[in-house]
Amino acid sequence: MPLTHDFRETVRERAKRDPAFREALFQEAMQALLQGDVDYGRSALRTYINATIGFERLSKAIDRPQKSLMRMFGPGGNPTAENLMAVISALQEKTGVRLEIRAVADAA
């Protein structure tokens, strides 16, 4: 189900004024992707893009067509690893939210 304009605007406004919210959006998207929930991770990343720099600015940052990026992160999208890494890198640079990855052993 597509997000309504009002919801997207609400998320965008909160992301503008709340750095912790921006961080949580990005973290949630990346965590879902790393845990194999690709559909949700892609959707969450789309929400983060819309809430922060938008697809037009992202398109310019990584020199990929805006419509192509929107399809990649839409329902049924399938970004290549190269495109996904380019997007993540650009988002970190443009939003100032940096990923930190650390390994944690499961308790056996």
# chains A, B, ... in the order shown; residues from 1 in each chain; ligands from 1
$ residues_around --residues "A:Arg71" --least-positions-apart "6" --cutoff "12 Å" --atoms "only C-alpha atoms" --output "list in words"
Arg42, Ser43, Arg46, Phe55, Arg64, Pro65, Gly77, Asn78 and Pro79 of chain A
$ write_last_selection --atoms "N, CA and C atoms" --output "compact mmCIF listing (two decimals), in the first residue's frame"
# COMPACT_ATOMS: atom_id res chain seq x y z
N ARG A 42 14.31 -2.59 1.93
CA ARG A 42 14.21 -1.73 0.74
C ARG A 42 13.15 -0.65 0.95
N SER A 43 12.03 -1.03 1.52
CA SER A 43 10.95 -0.08 1.79
C SER A 43 11.39 0.96 2.83
N ARG A 46 13.74 3.39 1.27
CA ARG A 46 12.97 4.33 0.45
C ARG A 46 12.38 5.44 1.33
N PHE A 55 14.81 11.56 -3.91
CA PHE A 55 15.36 10.81 -5.03
C PHE A 55 16.03 11.70 -6.07
N ARG A 64 22.73 8.33 -11.31
CA ARG A 64 21.80 7.30 -11.78
C ARG A 64 20.45 7.98 -12.02
N PRO A 65 19.67 7.52 -12.98
CA PRO A 65 18.37 8.14 -13.24
C PRO A 65 17.43 8.05 -12.03
N GLY A 77 11.37 -4.06 -6.39
CA GLY A 77 12.66 -3.55 -6.85
C GLY A 77 13.77 -4.51 -6.48
N ASN A 78 14.88 -4.40 -7.19
CA ASN A 78 15.99 -5.31 -6.95
C ASN A 78 17.31 -4.61 -7.26
N PRO A 79 17.74 -3.70 -6.37
CA PRO A 79 18.99 -2.99 -6.65
C PRO A 79 20.18 -3.94 -6.63
$ residues_around --residues "A:Ser89" --least-positions-apart "5" --cutoff "9 Å" --atoms "only C-alpha atoms" --output "list in words"
Leu84, Lys94 and Arg98 of chain A
$ atom_distance --atom1 "atom CA of A:Arg22" --atom2 "atom CA of A:Val87"
15.9 Å
$ residues_around --residues "A:Ile49" --least-positions-apart "5" --cutoff "8 Å" --atoms "only C-alpha atoms" --output "JSON list (two decimals) with N, CA and C atoms, in the first residue's frame"
[["chain", "number", "residue", "atom", "x", "y", "z"],
["A", 54, "GLY", "N", 15.80, 12.93, -0.69],
["A", 54, "GLY", "CA", 14.90, 12.76, -1.83],
["A", 54, "GLY", "C", 15.60, 12.09, -3.00],
["A", 55, "PHE", "N", 14.81, 11.56, -3.91],
["A", 55, "PHE", "CA", 15.36, 10.81, -5.03],
["A", 55, "PHE", "C", 16.03, 11.70, -6.07],
["A", 58, "LEU", "N", 19.51, 12.40, -4.69],
["A", 58, "LEU", "CA", 20.24, 11.13, -4.70],
["A", 58, "LEU", "C", 20.68, 10.79, -6.11],
["A", 91, "LEU", "N", 24.03, 8.43, 0.88],
["A", 91, "LEU", "CA", 23.17, 8.81, 2.01],
["A", 91, "LEU", "C", 24.01, 9.18, 3.23]]
$ residues_around --residues "A:Met30" --least-positions-apart "2" --cutoff "10 Å" --atoms "only C-alpha atoms" --output "PyMOL selection string"
chain A and resi 24-28+32-38+40-42+44-45+88+99
$ write_last_selection --atoms "N, CA and C atoms" --output "short mmCIF file (atom, residue, chain, number, x, y, z; two decimals), in the first residue's frame"
data_model
loop_
_atom_site.label_atom_id
_atom_site.label_comp_id
_atom_site.auth_asym_id
_atom_site.auth_seq_id
_atom_site.Cartn_x
_atom_site.Cartn_y
_atom_site.Cartn_z
N ALA A 24 17.64 6.56 13.52
CA ALA A 24 16.82 5.36 13.73
C ALA A 24 16.24 4.85 12.41
N LEU A 25 15.82 5.75 11.54
CA LEU A 25 15.28 5.33 10.23
C LEU A 25 16.35 4.59 9.43
N PHE A 26 17.54 5.17 9.37
CA PHE A 26 18.63 4.57 8.61
C PHE A 26 19.04 3.23 9.23
N GLN A 27 19.17 3.21 10.53
CA GLN A 27 19.57 1.99 11.23
C GLN A 27 18.54 0.88 11.01
N GLU A 28 17.28 1.21 11.08
CA GLU A 28 16.23 0.20 10.88
C GLU A 28 16.31 -0.41 9.48
N ALA A 32 17.37 -4.35 8.78
CA ALA A 32 16.47 -5.25 8.05
C ALA A 32 17.20 -5.90 6.88
N LEU A 33 17.96 -5.11 6.13
CA LEU A 33 18.71 -5.66 5.00
C LEU A 33 19.71 -6.71 5.46
N LEU A 34 20.45 -6.40 6.53
CA LEU A 34 21.46 -7.33 7.03
C LEU A 34 20.86 -8.61 7.60
N GLN A 35 19.62 -8.52 8.08
CA GLN A 35 18.96 -9.71 8.64
C GLN A 35 18.19 -10.49 7.57
N GLY A 36 18.29 -10.04 6.32
CA GLY A 36 17.67 -10.78 5.24
C GLY A 36 16.23 -10.40 4.93
N ASP A 37 15.69 -9.41 5.61
CA ASP A 37 14.33 -8.94 5.31
C ASP A 37 14.44 -7.87 4.24
N VAL A 38 14.73 -8.32 3.03
CA VAL A 38 15.06 -7.43 1.93
C VAL A 38 13.88 -6.54 1.55
N TYR A 40 11.34 -5.42 3.40
CA TYR A 40 11.15 -4.36 4.38
C TYR A 40 12.34 -3.39 4.38
N GLY A 41 13.53 -3.92 4.28
CA GLY A 41 14.73 -3.07 4.26
C GLY A 41 14.71 -2.10 3.10
N ARG A 42 14.31 -2.59 1.93
CA ARG A 42 14.21 -1.73 0.74
C ARG A 42 13.15 -0.65 0.95
N ALA A 44 12.06 0.50 3.87
CA ALA A 44 12.54 1.41 4.91
C ALA A 44 13.60 2.36 4.35
N LEU A 45 14.44 1.87 3.47
CA LEU A 45 15.45 2.73 2.85
C LEU A 45 14.78 3.78 1.96
N ILE A 88 23.92 3.83 -0.29
CA ILE A 88 24.27 3.90 1.13
C ILE A 88 25.41 4.90 1.35
N LEU A 99 27.14 4.88 9.24
CA LEU A 99 26.95 3.52 9.74
C LEU A 99 28.21 3.07 10.47
#
$ select_by_dssp --residues "chain A" --states "alpha helix (DSSP H)" --output "ChimeraX atom specification"
/A:5-17,19-34,38-51,54-62,66-72,81-95
$ atom_distance --atom1 "atom CA of A:Ala90" --atom2 "atom CA of A:Thr10"
23.3 Å
$ closest_residue --among "A:Ala107, A:Glu56, A:Leu69, A:Tyr48" --to "A:Ala15" --atoms "only C-alpha atoms"
A:Tyr48
$ residues_around --residues "A:Arg17" --least-positions-apart "6" --cutoff "12 Å" --atoms "only C-alpha atoms" --output "PyMOL selection string"
chain A and resi 10-11+23+51-52
$ write_last_selection --atoms "C-alpha atoms" --output "compact mmCIF listing (two decimals), in the first residue's frame"
# COMPACT_ATOMS: atom_id res chain seq x y z
CA THR A 10 5.11 14.02 8.64
CA VAL A 11 8.12 11.70 8.48
CA GLU A 23 19.54 7.80 12.67
CA ALA A 51 12.56 11.80 4.46
CA THR A 52 16.06 13.14 3.91
